[in-house]
Every structure is written in structure tokens, then in C-alpha cells.
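Source file: query-v8.txt (compact mmCIF, C-alpha atoms and all ligand atoms)
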# COMPACT_ATOMS: atom_id res chain seq x y z
CA MET A 286 8.07 -11.94 -21.87
CA SER A 287 5.34 -13.38 -19.72
CA GLY A 288 4.33 -10.04 -18.19
CA SER A 289 0.77 -9.15 -19.06
CA GLY A 290 -1.23 -5.97 -19.38
CA SER A 291 -0.46 -2.56 -20.73
CA ALA A 292 2.37 -1.90 -18.26
CA THR A 293 4.83 -4.18 -19.89
CA SER A 294 4.04 -3.21 -23.44
CA GLU A 295 3.79 0.52 -22.62
CA SER A 296 7.06 0.63 -20.73
CA GLY A 297 9.02 -1.70 -22.93
CA ALA A 298 11.50 -1.54 -20.08
CA ALA A 299 11.12 -4.82 -18.30
CA SER A 300 13.11 -7.39 -20.25
CA SER A 301 12.52 -11.11 -19.74
CA GLU A 302 16.15 -11.55 -18.66
CA SER A 303 16.03 -9.00 -15.88
CA GLY A 304 16.93 -11.66 -13.33
CA VAL A 305 15.39 -10.25 -10.17
CA LEU A 306 14.43 -12.29 -7.12
CA PHE A 307 11.54 -10.33 -5.58
CA VAL A 308 11.06 -11.10 -1.87
CA ASP A 309 8.00 -10.20 0.22
CA HIS A 310 7.23 -11.36 3.77
CA ALA A 311 3.44 -11.23 3.38
CA GLY A 312 1.00 -13.78 2.04
CA VAL A 313 -1.96 -11.39 2.24
CA LEU A 314 -2.79 -8.58 -0.16
CA GLY A 315 -1.81 -5.24 1.32
CA GLY A 316 -0.92 -2.19 -0.74
CA ALA A 317 2.78 -3.17 -0.96
CA GLU A 318 1.83 -6.57 -2.30
CA LEU A 319 -0.62 -5.15 -4.88
CA SER A 320 2.14 -2.86 -6.15
CA LEU A 321 4.61 -5.75 -6.35
CA LEU A 322 2.00 -7.77 -8.24
CA ASP A 323 2.11 -5.33 -11.16
CA LEU A 324 5.87 -5.00 -10.96
CA ALA A 325 6.67 -8.72 -10.87
CA ALA A 326 4.20 -9.36 -13.70
CA ALA A 327 5.91 -6.70 -15.82
CA PHE A 328 9.40 -8.10 -15.17
CA GLY A 329 8.30 -11.40 -16.69
CA ALA A 330 9.70 -14.88 -16.82
CA GLY A 331 13.37 -14.07 -16.16
CA SER A 332 12.46 -13.02 -12.64
CA GLU A 333 10.87 -14.83 -9.75
CA THR A 334 9.02 -13.97 -6.53
CA LEU A 335 9.69 -15.55 -3.16
CA LEU A 336 7.12 -15.11 -0.40
CA LEU A 337 7.83 -15.69 3.28
CA ALA A 338 4.20 -16.68 4.01
CA GLU A 339 1.46 -18.64 2.27
CA GLY A 340 -1.75 -16.81 1.35
CA PRO A 341 -3.83 -15.25 -1.40
CA PHE A 342 -0.87 -13.19 -2.66
CA ARG A 343 0.63 -16.38 -4.05
CA THR A 344 -2.51 -17.15 -6.05
CA ALA A 345 -2.72 -13.56 -7.30
CA LEU A 346 0.90 -13.71 -8.53
CA GLU A 347 0.37 -17.09 -10.16
CA SER A 348 -2.72 -15.83 -11.95
CA ARG A 349 -0.55 -13.08 -13.49
CA GLY A 350 1.97 -15.65 -14.73
CA VAL A 351 4.63 -14.85 -12.10
CA LYS A 352 6.90 -17.68 -10.97
CA VAL A 353 6.36 -17.92 -7.18
CA SER A 354 7.70 -20.00 -4.31
CA VAL A 355 7.17 -19.81 -0.54
CA GLU A 356 9.66 -20.18 2.33
CA PRO A 357 7.61 -19.58 5.50
CA LEU A 358 9.14 -17.47 8.28
CA GLY A 359 9.36 -19.10 11.68
CA ALA A 360 9.69 -17.02 14.85
CA LEU A 361 10.57 -14.03 12.68
CA LYS A 362 6.89 -13.85 11.79
CA HIS A 363 6.09 -12.51 15.26
CA VAL A 364 8.49 -9.56 15.08
CA LYS A 365 6.39 -6.42 14.64
CA LYS A 366 7.38 -2.99 13.37
CA GLU A 367 6.94 -1.61 16.87
CA THR A 368 9.07 -4.38 18.45
CA ARG A 369 12.07 -3.01 20.29
CA LEU A 370 14.42 -5.98 19.98
CA PRO A 371 13.63 -9.35 18.35
CA GLY A 372 14.36 -12.44 20.46
CA PRO A 373 17.13 -15.02 19.75
CA ALA A 374 14.69 -17.40 18.03
CA ALA A 375 13.96 -14.70 15.48
CA PHE A 376 17.68 -14.32 14.73
CA THR A 377 18.11 -18.10 14.34
CA ASP A 378 15.21 -18.17 11.95
CA ALA A 379 16.58 -15.21 10.03
CA VAL A 380 19.81 -17.13 9.41
CA ARG A 381 17.94 -20.27 8.35
CA ILE A 382 15.68 -18.36 5.95
CA ALA A 383 18.61 -16.28 4.67
CA ARG A 384 20.42 -19.47 3.62
CA ARG A 385 17.36 -20.62 1.70
CA VAL A 386 16.81 -17.26 0.07
CA ALA A 387 20.51 -17.16 -0.90
CA ARG A 388 20.10 -20.49 -2.71
CA ARG A 389 17.12 -19.12 -4.62
CA ALA A 390 18.98 -15.92 -5.42
CA LYS A 391 21.85 -17.68 -7.22
CA PRO A 392 20.27 -17.67 -10.71
CA HIS A 393 19.39 -13.97 -10.36
CA LYS A 394 21.38 -10.77 -10.56
CA VAL A 395 19.56 -8.78 -7.89
CA ILE A 396 17.58 -9.48 -4.72
CA TYR A 397 14.73 -7.00 -4.34
CA ALA A 398 13.04 -6.76 -0.92
CA ASN A 399 9.49 -5.41 -0.81
CA SER A 400 9.18 -4.96 2.96
CA GLN A 401 11.34 -4.34 5.98
CA LYS A 402 11.22 -7.98 7.12
CA ALA A 403 12.04 -9.12 3.62
CA PHE A 404 14.95 -6.67 3.57
CA VAL A 405 16.47 -8.11 6.76
CA VAL A 406 16.36 -11.58 5.24
CA ALA A 407 17.52 -10.33 1.82
CA ALA A 408 20.45 -8.42 3.32
CA ALA A 409 21.79 -11.62 4.87
CA ALA A 410 21.00 -13.67 1.76
CA GLY A 411 22.75 -11.12 -0.44
CA LEU A 412 25.89 -11.49 1.64
CA LEU A 413 25.80 -15.28 1.35
CA ALA A 414 24.92 -15.33 -2.36
CA ARG A 415 27.09 -12.29 -3.23
CA ARG A 416 24.20 -10.47 -4.85
CA PRO A 417 23.27 -6.79 -4.57
CA VAL A 418 20.15 -6.06 -2.54
CA VAL A 419 17.57 -3.41 -3.39
CA TRP A 420 15.10 -2.38 -0.72
CA HIS A 421 11.78 -0.98 -1.88
CA LEU A 422 10.91 1.02 1.19
CA ARG A 423 7.18 1.58 1.44
CA ASP A 424 6.97 2.79 5.04
CA ILE A 425 7.64 6.06 6.80
CA LEU A 426 10.50 4.94 9.04
CA ALA A 427 9.56 6.90 12.15
CA PRO A 428 7.63 6.46 15.38
CA PRO A 429 4.81 5.62 15.91
CA HIS A 430 4.88 3.42 12.79
CA PHE A 431 8.18 1.94 14.01
CA SER A 432 10.03 1.85 17.32
CA GLY A 433 13.21 3.96 17.52
CA THR A 434 15.31 0.79 17.85
CA ASN A 435 13.69 -0.68 14.78
CA VAL A 436 14.31 2.48 12.74
CA ARG A 437 17.98 2.64 13.76
CA ALA A 438 18.51 -1.05 12.95
CA ALA A 439 16.78 -0.77 9.57
CA VAL A 440 18.66 2.36 8.51
CA THR A 441 22.03 1.02 9.66
CA LEU A 442 21.43 -2.20 7.75
CA ALA A 443 20.34 -0.25 4.66
CA ASN A 444 23.45 1.95 4.76
CA LEU A 445 25.64 -1.14 5.08
CA ARG A 446 23.93 -3.60 2.79
CA ALA A 447 21.48 -1.95 0.38
CA ALA A 448 22.78 -1.21 -3.11
CA ARG A 449 19.73 1.02 -3.53
CA VAL A 450 16.69 2.14 -1.56
CA ILE A 451 13.64 2.79 -3.72
CA THR A 452 10.98 4.78 -1.87
CA ASN A 453 7.31 5.10 -2.79
CA SER A 454 7.22 8.86 -2.10
CA ARG A 455 9.42 11.83 -1.31
CA ALA A 456 7.97 11.73 2.21
CA THR A 457 9.19 8.14 2.66
CA ALA A 458 12.61 9.17 1.34
CA ALA A 459 12.74 12.17 3.69
CA ALA A 460 11.99 10.01 6.75
CA PHE A 461 14.69 7.52 5.71
CA MET A 462 17.26 10.29 5.34
CA ALA A 463 16.16 12.05 8.52
CA ALA A 464 16.87 8.79 10.34
CA GLY A 465 20.43 8.76 8.94
CA GLY A 466 19.86 6.88 5.67
CA HIS A 467 22.34 7.76 2.93
CA ALA A 468 20.79 10.06 0.33
CA SER A 469 22.97 8.53 -2.40
CA LEU A 470 21.06 5.23 -2.07
CA VAL A 471 17.63 6.74 -2.58
CA ARG A 472 15.47 6.78 -5.73
CA VAL A 473 11.83 7.91 -5.45
CA VAL A 474 9.36 5.90 -7.54
CA HIS A 475 5.67 6.60 -7.02
CA ASN A 476 3.26 3.70 -7.24
CA GLY A 477 1.31 3.28 -10.44
CA ILE A 478 -2.16 1.84 -10.78
CA ASP A 479 -3.82 0.28 -13.80
CA PRO A 480 -6.98 2.25 -14.69
CA ALA A 481 -8.48 -0.64 -16.69
CA PRO A 482 -10.48 -2.24 -13.82
CA PHE A 483 -11.97 1.19 -13.01
CA ASP A 484 -12.84 1.90 -16.64
CA ALA A 485 -14.47 -1.52 -16.92
CA VAL A 486 -17.14 -0.75 -14.32
CA THR A 487 -20.35 0.04 -16.20
CA PRO A 488 -22.99 2.39 -14.71
CA ALA A 489 -25.27 -0.67 -14.44
CA ALA A 490 -22.64 -2.60 -12.44
CA ALA A 491 -22.08 0.39 -10.15
CA ALA A 492 -25.84 0.74 -9.62
CA ALA A 493 -26.16 -2.99 -8.86
CA THR A 494 -23.32 -2.78 -6.33
CA ARG A 495 -24.98 0.22 -4.68
CA ALA A 496 -28.37 -1.52 -4.60
CA ALA A 497 -26.77 -4.55 -2.92
CA LEU A 498 -25.54 -2.28 -0.10
CA GLY A 499 -29.12 -1.48 0.88
CA VAL A 500 -28.51 2.25 1.34
CA PRO A 501 -31.42 4.69 0.75
CA ALA A 502 -31.53 6.17 -2.77
CA ASP A 503 -30.98 9.72 -1.50
CA ALA A 504 -28.11 8.90 0.84
CA PHE A 505 -24.67 10.41 0.25
CA VAL A 506 -22.31 7.43 0.36
CA VAL A 507 -18.66 7.83 1.32
CA ALA A 508 -16.22 4.94 1.39
CA LEU A 509 -12.97 4.30 3.23
CA PHE A 510 -10.76 1.52 1.84
CA GLY A 511 -7.92 0.09 3.86
CA ARG A 512 -6.89 -2.58 6.28
CA PHE A 513 -8.23 -2.08 9.77
CA HIS A 514 -5.66 -0.33 11.90
CA PRO A 515 -5.95 2.69 14.20
CA TRP A 516 -3.56 4.67 11.98
CA LYS A 517 -5.84 4.24 8.95
CA GLY A 518 -8.42 6.38 10.79
CA GLN A 519 -11.63 4.34 10.47
CA GLN A 520 -12.53 5.67 13.94
CA VAL A 521 -12.30 9.29 12.67
CA LEU A 522 -14.78 8.65 9.86
CA LEU A 523 -17.14 6.93 12.33
CA ASP A 524 -16.89 10.00 14.53
CA ALA A 525 -17.58 12.30 11.54
CA LEU A 526 -20.65 10.20 10.74
CA THR A 527 -22.29 11.22 14.02
CA ARG A 528 -22.39 14.80 12.64
CA LEU A 529 -23.80 13.82 9.21
CA PRO A 530 -27.30 12.31 9.49
CA ARG A 531 -27.83 11.78 5.73
CA VAL A 532 -24.45 10.18 5.08
CA HIS A 533 -23.72 6.45 4.90
CA ALA A 534 -20.15 5.18 5.15
CA LEU A 535 -18.64 2.01 3.75
CA PHE A 536 -15.68 0.58 5.64
CA VAL A 537 -13.94 -1.71 3.17
CA GLY A 538 -11.04 -3.78 4.42
CA ALA A 539 -10.07 -6.22 7.14
CA PRO A 540 -7.56 -6.52 9.97
CA LEU A 541 -4.78 -8.04 7.82
CA PHE A 542 -2.01 -8.07 10.42
CA GLY A 543 -3.70 -9.06 13.69
CA GLU A 544 -5.85 -5.99 14.43
CA GLU A 545 -9.05 -7.95 15.19
CA ALA A 546 -9.59 -6.17 18.54
CA PHE A 547 -9.55 -2.81 16.77
CA ALA A 548 -12.13 -4.07 14.24
CA SER A 549 -14.44 -5.12 17.11
CA ALA A 550 -13.91 -1.78 18.84
CA LEU A 551 -15.05 0.01 15.69
CA GLN A 552 -18.29 -1.99 15.58
CA ALA A 553 -18.84 -1.17 19.26
CA GLN A 554 -18.14 2.53 18.59
CA ALA A 555 -20.71 2.52 15.75
CA ALA A 556 -23.35 0.96 18.01
CA LYS A 557 -22.58 3.22 20.96
CA THR A 558 -22.71 6.43 18.94
CA GLY A 559 -25.95 5.46 17.15
CA VAL A 560 -24.55 5.24 13.62
CA ALA A 561 -24.58 1.45 13.21
CA ASP A 562 -27.35 1.60 10.58
CA ARG A 563 -25.25 4.01 8.48
CA ALA A 564 -21.84 2.40 8.98
CA HIS A 565 -21.43 -0.58 6.66
CA PHE A 566 -18.54 -2.89 7.49
CA LEU A 567 -17.93 -4.86 4.30
CA GLY A 568 -14.73 -6.75 5.16
CA PHE A 569 -11.95 -7.32 2.61
CA ARG A 570 -13.32 -6.99 -0.93
CA ALA A 571 -11.92 -7.79 -4.33
CA ASP A 572 -14.38 -5.44 -6.10
CA VAL A 573 -12.82 -2.13 -5.02
CA PRO A 574 -13.43 -0.43 -8.43
CA GLU A 575 -17.16 -1.31 -8.31
CA LEU A 576 -17.47 -0.13 -4.71
CA MET A 577 -15.72 3.15 -5.49
CA ARG A 578 -18.00 3.76 -8.45
CA ALA A 579 -21.00 2.91 -6.25
CA SER A 580 -19.95 5.63 -3.79
CA ASP A 581 -20.28 9.41 -3.97
CA ALA A 582 -16.85 10.14 -2.49
CA VAL A 583 -13.73 8.26 -1.40
CA VAL A 584 -12.35 9.12 2.04
CA HIS A 585 -8.78 8.57 3.17
CA ALA A 586 -8.45 9.32 6.89
CA SER A 587 -5.01 8.13 8.04
CA VAL A 588 -4.10 9.78 11.31
CA TYR A 589 -0.33 9.32 10.85
CA PRO A 590 1.55 10.24 7.66
CA GLU A 591 0.66 7.79 4.89
CA PRO A 592 3.75 6.71 2.94
CA PHE A 593 1.82 6.77 -0.36
CA GLY A 594 -1.88 5.74 -0.28
CA ARG A 595 -2.85 3.70 -3.32
CA VAL A 596 -6.52 4.13 -2.40
CA ILE A 597 -6.28 7.86 -3.15
CA VAL A 598 -5.09 7.25 -6.71
CA GLU A 599 -7.76 4.56 -7.08
CA GLY A 600 -10.50 6.95 -5.99
CA MET A 601 -9.24 9.44 -8.59
CA LEU A 602 -9.19 6.73 -11.28
CA ALA A 603 -12.75 5.81 -10.33
CA GLY A 604 -13.72 9.41 -11.06
CA ARG A 605 -14.83 10.08 -7.51
CA PRO A 606 -14.02 13.15 -5.43
CA VAL A 607 -11.38 12.28 -2.88
CA ILE A 608 -10.96 13.61 0.65
CA ALA A 609 -7.55 12.83 2.14
CA THR A 610 -5.47 13.80 5.15
CA ARG A 611 -2.73 16.33 4.55
CA ALA A 612 0.38 14.39 5.64
CA GLY A 613 3.17 12.20 4.29
CA GLY A 614 3.11 11.11 0.65
CA VAL A 615 -0.55 12.09 0.23
CA THR A 616 0.29 15.65 -0.82
CA GLU A 617 2.42 14.26 -3.68
CA ILE A 618 -0.73 12.63 -5.09
CA VAL A 619 -3.50 15.10 -4.45
CA ASP A 620 -3.72 18.87 -3.94
CA ASP A 621 -6.49 21.40 -3.35
CA GLU A 622 -7.43 21.33 -7.05
CA THR A 623 -7.73 17.57 -7.38
CA GLY A 624 -9.16 16.71 -3.97
CA VAL A 625 -10.01 17.98 -0.52
CA LEU A 626 -7.19 17.86 2.00
CA VAL A 627 -8.09 17.83 5.69
CA PRO A 628 -5.96 17.74 8.85
CA PRO A 629 -5.35 14.23 10.22
CA ASN A 630 -7.43 13.04 13.16
CA ASP A 631 -9.98 15.85 12.87
CA ALA A 632 -13.52 14.43 12.64
CA GLU A 633 -15.03 17.90 12.57
CA ALA A 634 -12.98 18.96 9.53
CA LEU A 635 -13.69 15.64 7.81
CA ALA A 636 -17.44 16.09 8.40
CA ARG A 637 -17.29 19.60 6.95
CA ALA A 638 -15.42 18.35 3.87
CA ILE A 639 -17.99 15.60 3.28
CA GLU A 640 -20.82 18.07 3.76
CA SER A 641 -19.31 20.51 1.26
CA LEU A 642 -19.03 17.79 -1.40
CA ALA A 643 -22.58 16.59 -0.76
CA GLY A 644 -23.87 20.14 -0.97
CA ASP A 645 -22.14 21.05 -4.24
CA PRO A 646 -22.25 18.17 -6.74
CA GLY A 647 -21.03 20.37 -9.61
CA HIS A 648 -17.85 21.34 -7.75
CA ALA A 649 -17.36 17.74 -6.59
CA ALA A 650 -17.64 16.40 -10.16
CA ALA A 651 -15.23 19.01 -11.57
CA MET A 652 -12.70 18.21 -8.86
CA ALA A 653 -13.08 14.48 -9.51
CA ALA A 654 -12.48 15.03 -13.23
CA ARG A 655 -9.27 16.94 -12.50
CA GLY A 656 -8.20 14.17 -10.11
CA ALA A 657 -8.90 11.46 -12.70
CA ALA A 658 -6.84 13.30 -15.32
CA ARG A 659 -3.90 13.69 -12.94
CA ALA A 660 -3.98 10.05 -11.81
CA ARG A 661 -4.10 8.79 -15.40
CA LYS A 662 -1.14 10.94 -16.37
CA GLU A 663 1.15 10.67 -13.35
CA PHE A 664 0.50 7.37 -11.61
CA THR A 665 0.77 4.78 -14.36
CA VAL A 666 2.07 1.24 -13.96
CA ALA A 667 4.37 1.89 -16.92
CA ALA A 668 6.02 4.82 -15.12
CA MET A 669 6.40 2.75 -11.96
CA VAL A 670 8.00 -0.17 -13.82
CA ARG A 671 10.31 2.19 -15.69
CA GLY A 672 11.25 3.92 -12.45
CA VAL A 673 12.15 0.67 -10.72
CA GLU A 674 14.10 -0.57 -13.72
CA ASP A 675 15.99 2.71 -13.98
CA ALA A 676 16.79 2.54 -10.27
CA MET A 677 18.31 -0.94 -10.72
CA ARG A 678 19.73 -0.53 -14.24
CA ASP A 679 23.40 -0.59 -13.24
CA LEU A 680 22.80 -3.69 -11.10
CA LEU A 681 21.09 -5.77 -13.78
N1 LIG B 701 -7.86 -3.06 -0.83
C1 LIG B 701 -8.51 -4.15 -1.37
N2 LIG B 701 -9.62 -4.62 -0.69
C2 LIG B 701 -10.06 -4.07 0.46
C3 LIG B 701 -9.36 -2.95 0.99
C4 LIG B 701 -8.27 -2.46 0.33
O1 LIG B 701 -8.15 -4.67 -2.41
O2 LIG B 701 -11.04 -4.56 1.00
C5 LIG B 701 -6.69 -2.52 -1.57
C6 LIG B 701 -6.86 -1.10 -2.05
O3 LIG B 701 -7.64 -1.08 -3.22
C7 LIG B 701 -5.43 -0.66 -2.23
C8 LIG B 701 -4.67 -1.45 -1.16
O4 LIG B 701 -5.57 -2.47 -0.71
O5 LIG B 701 -4.94 -1.00 -3.51
C9 LIG B 701 -4.23 -0.61 0.00
O6 LIG B 701 -3.14 0.16 -0.37
P1 LIG B 701 -2.74 1.51 0.35
O7 LIG B 701 -1.49 2.01 -0.27
O8 LIG B 701 -3.89 2.46 0.32
O9 LIG B 701 -2.51 1.10 1.87
P2 LIG B 701 -1.51 0.01 2.56
O10 LIG B 701 -2.28 -1.25 2.74
O11 LIG B 701 -0.35 -0.17 1.63
O12 LIG B 701 -1.12 0.65 3.84
Before we go any further, please render this structure as C-alpha cells.
Ligand code: UDP
Amino acid sequence: MSGSGSATSESGAASSESGVLFVDHAGVLGGAELSLLDLAAAFGAGSETLLLAEGPFRTALESRGVKVSVEPLGALKHVKKETRLPGPAAFTDAVRIARRVARRAKPHKVIYANSQKAFVVAAAAGLLARRPVVWHLRDILAPPHFSGTNVRAAVTLANLRAARVITNSRATAAAFMAAGGHASLVRVVHNGIDPAPFDAVTPAAAAATRAALGVPADAFVVALFGRFHPWKGQQVLLDALTRLPRVHALFVGAPLFGEEAFASALQAQAAKTGVADRAHFLGFRADVPELMRASDAVVHASVYPEPFGRVIVEGMLAGRPVIATRAGGVTEIVDDETGVLVPPNDAEALARAIESLAGDPGHAAAMAARGAARARKEFTVAAMVRGVEDAMRDLL
């Protein structure tokens, strides 16, 4: 077994002959890709990952010993979740890519799609290669995340062609079923996150990271981690900052899928509202555990229901108090004992929550400790790997 880390050994579930072709459309490292990274590594040498774009995800998979290849998407690349109907060039490309994916699927027992685009391709490839297709659905299939047409097409295809639909939360499953998805296909498997990188951050390393940020020693530092997109709510935290003169905020992440204009608008908002010296835009970072440990609280501010929210579990693993918006899969991760839940898109409530944590360090620390214990128990990589293997057991 070439899988590395505690997940594989802990679970003992992922055999080297599992024979899965994992397919993901992205080359960049979003949450879905980071989850697949641990999964594909645990499944080991009998499986293989096929990406539909070049990028750092390939290198990350290779560094974990995962066999990877890339078949770039053509016009299909430009089809967005919100797109009403893809053009004919996208369909032609889908057929071309499906043929290639089908060839790669032949030595494997199952095709596993890690995104909606990957599922469209995998569904066609599965037909050509006569292989069952599993869709790991990591999105809330509903407007405004997706257009109505897109939701109907995805659910119809899933009902026709998916042997199973694994969802990353009960909220994701509920949206799929509310849109007409067959309940019999669904298995809920929460994401798991390895605590080791969080445990490895020494107090000295956290202090050095904080010093490098250049924030005053007495500042209360909150951090929001996530790609730049209006639904991730960076603008809400910026707004909250205008009410919190002693607070500094770290915005960690980048516009991964073409949201550069939104990123510029955030910088303009910070300047216009007079918080630019307390809003630190750090771009995409690979040292998330260090940055979390260098912060006083982790803020999740998504304005639409978050399907899961890895960053919430990560904040808990880092031993930091977490503030999150009460919607979607978030409430399956954190409750009023293990974090502070606030209404989405409510800067006033977010500011009050930050203020209450800053004003009561004892309460904040106790809450963070409860959160850390829950995350370590419930959201393990081993449980995630086991869950996915169980969901596919009859297909393998
Ligand atoms: N992340 C990262 N660097 C950054 C910002 C985010 O590595 O600069 C990671 C973060 O630690 C988390 C993932 O990206 O593991 C985001 O996952 P989440 O489920 O929170 O959101 P998604 O991107 O899937 O919507």
C-alpha cells in the first residue's frame, strides 16, 4: 500500500487493490481537492487520479505517492456552475474527454468523480467503459450556487447514471434530494482532517508567524480562510471590522476560480471604510496551521449555506475559538458549545461575536478546547476513508 499517514493505517480499510479511478476537474487546491488528496493517498497504488487541468494539485498528489495523469478540458472549462446551458463546443469536448477517461478507467472497477464537471465526464466515460460511477457531491445543489437548469441536469444525470452519490454533509444530501435526487443513492460521509500539521506548530513558530504579520502585540487577531468569492463572506468580515477598532483581520486565500474583480473590490472596500491598516490580505497560503495558531479566533462567514467547511474543523484542530455562520453543513460540525454560530450576512452579529470572544478569554479558551476535542473525535481522515470505502464496498 503506498498510502501514507495515519489515515491508511488507522482505517485499515483502503486496500491496494481497490481499483478506483478518481477524477477531478480542478488543478488548483480547493477544499474538494484537499479532501481528495487524503482519500487518494489512503487508497494507495491500486488506484489512480485523473485531473482535467494542470496545476499545483498534481504536484500535491504526486508528493503523497498518488499515481496522477492529466487530460485537460477544452471548452468545457468555461462552463460555470451558474451557466444555464453549455454551448455545443462544450458537448463536443465532453465526448472527446469522456472517451479518454473511459480508456483510463478500463483497469479500474469504479470511476469516482470529485466535482460536478468531473461527474458529467465520468458519467459518459462510465457508459463507454461499462464501469459504475460514484459522484462525491460536495456542493449544495441549489440556487444561487447553481442555476436551476444546472441543478436539474445534474440531478437527472445522477439518477440515471450514478451508482452512488456520496455527500459531504446531511445538508448537501438534503439539497440533492429536494431537487429530486434519489435517496437510495445517497451516503453521507463528512470530511476528515489530519490533526498532525496543527499539532506540529510550536508556540515559537506561531509567535514568529504572528510577528511576521506586523500586528500590534495587543491586537485581537481574527482570520478568515477561503478562496475569494462573494459567498465566502470576506466582505461581511470587512464590514464587521469597521465596528471593532482593536481587531485585526487576516484574509487568507485567493480568487481560485476567476474572482479577481471581487478580490480588488475587497481591497477598495477596506480602503474606503478606513480599515486597510487592520485588514491583511495574505493571498493563498500553504501554512494554514501556523496562521490559525497565530490568530486569536477563526472566522467563517459564508453568506450562503456552506456544504461542509473544512476551515471550521481546521480552526477547531488548531485549538482556536471558531465563529461560523449558522447554515448548511456548518451546524453538523459546530454547535453553541463548541463554537459561536451567527446568522449569515450579518456584520453586526459577527462583530458582537468577535467582541464577546475578545472580552472573555477564559470562555473562548474553554470553547476552543471543546471544539478541538470534537474535531479530533468526529472528523478524522480514517473515518472519512472508511465511509467512502463502505459507500463503494459493493462496487469494488
Ligand atoms: N486553504 C489553504 N490556503 C489558503 C486558503 C484556504 O490551504 O490560503 C484551504 C483551507 O485550509 C481548507 C480549504 O482550503 O482546507 C478550503 O476548504 P473549505 O471546505 O473550507 O472550502 P471550499 O474551498 O471547499 O469551498
### Query
In terms of the shortest atom-to-atom distance over all atoms listed in the file, which of A:Phe593, A:Phe536, A:Phe664, A:Phe307 is closest to Val521 (chain A)?
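With all atoms listed in the file as the atom set, the closest residue is A:Phe536.
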Discussion item. Any residue with an atom at most 8 Å from ligand LIG 701 (chain B) counts, using only C-alpha atoms and all ligand atoms. Which are they? Put them as a PyMOL selection string.
Written reply: chain A and resi 314-320+423+510-512+517+537-539+567-574+591-597+599
task: Please identify all polymer residues within 9 Å of Thr334 (chain A), counting only C-alpha atoms, omitting same-chain residues fewer than 2 positions from it, and present them as number ranges by chain.
output: A: 305-309, 325, 332, 336, 346, 351-355
(request) Take the point (6.2, 16.6, 3.1) in the file's coordinates, draw a sphere of radius 12 Å around it, and report as an NGL selection string every protein, DNA or RNA residue with an atom inside or on it, counting only C-alpha atoms. (result) :A and (425 or 454-460 or 590-593 or 611-618)
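The coordinates place CA of Asp323 (chain A) at 26.5 Å from CA of Pro488 (chain A).
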- For each of A:Ala603, A:Leu541, A:Leu626, A:Leu498, take the minimum atom-to-atom distance to Ile639 (chain A), counting only C-alpha atoms, then give the residue where this is smallest.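 Using only C-alpha atoms, the shortest distance to Ile639 (chain A) belongs to A:Leu626.
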What separates CA of Glu545 (chain A) and CA of Leu335 (chain A) is a distance of 27.3 Å
| message | Can you measure CA of Gly466 (chain A) to CA of Asn444 (chain A) for me? One decimal in Å is fine. | response |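 Computing the Euclidean distance for CA of Gly466 (chain A) and CA of Asn444 (chain A) yields 6.2 Å.
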Of A:Arg416, A:Arg605, A:His475, A:Lys394, the one sitting nearest Ala668 (chain A) when using only C-alpha atoms is A:His475
**Prompt:** Between A:Ala492, A:Ala636, A:Ala550, A:Ala345, which one has atoms that come closest to Pro530 (chain A), using only C-alpha atoms?
**Reply:**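 For Pro530 (chain A), the nearest of the candidates is A:Ala636.
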Review point. Between A:Phe376, A:Ala485, A:Pro606, A:Leu321, which is the closest to Asp645 (chain A) once you count only C-alpha atoms?
Key: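 Among the listed residues, the smallest separation from Asp645 (chain A) belongs to A:Pro606.
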*Selected residue of minimal separation from Arg343 (chain A) among A:Gly672, A:Gly312, A:Gly411, A:Gly499, counting all atoms listed in the file*: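 Under the stated criterion, the closest residue is A:Gly312.
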Please define a box with edges along x, y and z of the file around all atoms of region 639-652 of chain A given in the file, extend it by 5 Å on each side, and return its centre and edge lengths in Å to one decimal, as AutoDock Vina command-line options.
--center_x -18.3 --center_y 18.5 --center_z -3.9 --size_x 21.2 --size_y 15.7 --size_z 25.3
*Please provide as a ChimeraX atom specification all residues within 9 Å of Val419 (chain A), with the sequence filter that same-chain residues fewer than 6 positions apart are discarded (counting all atoms listed in the file).*
/A:395-399,404,407-408,446-451,677
May I have the residues from that selection written out with C-alpha atoms, as a tab-separated table (two decimals), keeping the file's coordinate frame?
chain	number	residue	atom	x	y	z
A	395	VAL	CA	19.56	-8.78	-7.89
A	396	ILE	CA	17.58	-9.48	-4.72
A	397	TYR	CA	14.73	-7.00	-4.34
A	398	ALA	CA	13.04	-6.76	-0.92
A	399	ASN	CA	9.49	-5.41	-0.81
A	404	PHE	CA	14.95	-6.67	3.57
A	407	ALA	CA	17.52	-10.33	1.82
A	408	ALA	CA	20.45	-8.42	3.32
A	446	ARG	CA	23.93	-3.60	2.79
A	447	ALA	CA	21.48	-1.95	0.38
A	448	ALA	CA	22.78	-1.21	-3.11
A	449	ARG	CA	19.73	1.02	-3.53
A	450	VAL	CA	16.69	2.14	-1.56
A	451	ILE	CA	13.64	2.79	-3.72
A	677	MET	CA	18.31	-0.94	-10.72
Arg637 (chain A): which residues within 12 Å, counting only C-alpha atoms, same-chain residues fewer than 3 positions away excluded, as a list in words? Leu522, Ala525, Leu526, Arg528, Leu529, Val532, Ile608, Val625, Leu626, Val627, Pro628, Asp631, Ala632, Glu633, Ala634, Glu640, Ser641, Leu642, Ala643 and Gly644 of chain A
Can you tell me which residues surround Thr527 (chain A) at a distance of at most 8 Å, considering only C-alpha atoms, apart from same-chain residues fewer than 5 positions away, and format the answer as a PDB file with C-alpha atoms, keeping the file's coordinate frame?
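Written file, around.pdb:
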ATOM      1  CA  THR A 558     -22.710   6.430  18.940  1.00  0.00           C
ATOM      2  CA  GLY A 559     -25.950   5.460  17.150  1.00  0.00           C
ATOM      3  CA  VAL A 560     -24.550   5.240  13.620  1.00  0.00           C
TER       4      VAL A 560
END
Exercise for review: Around the point (-15.6, 6.9, 0.6), in the coordinates given by the file, pick out the residues reaching within 6 Å, counting all atoms listed in the file, and return them as a VMD selection string.
Suggested key: chain A and resid 507 to 509 582 to 584
Just write the chosen residues, C-alpha atoms, as a PDB file, in the coordinates of the input.
ATOM      1  CA  VAL A 507     -18.660   7.830   1.320  1.00  0.00           C
ATOM      2  CA  ALA A 508     -16.220   4.940   1.390  1.00  0.00           C
ATOM      3  CA  LEU A 509     -12.970   4.300   3.230  1.00  0.00           C
ATOM      4  CA  ALA A 582     -16.850  10.140  -2.490  1.00  0.00           C
ATOM      5  CA  VAL A 583     -13.730   8.260  -1.400  1.00  0.00           C
ATOM      6  CA  VAL A 584     -12.350   9.120   2.040  1.00  0.00           C
TER       7      VAL A 584
END
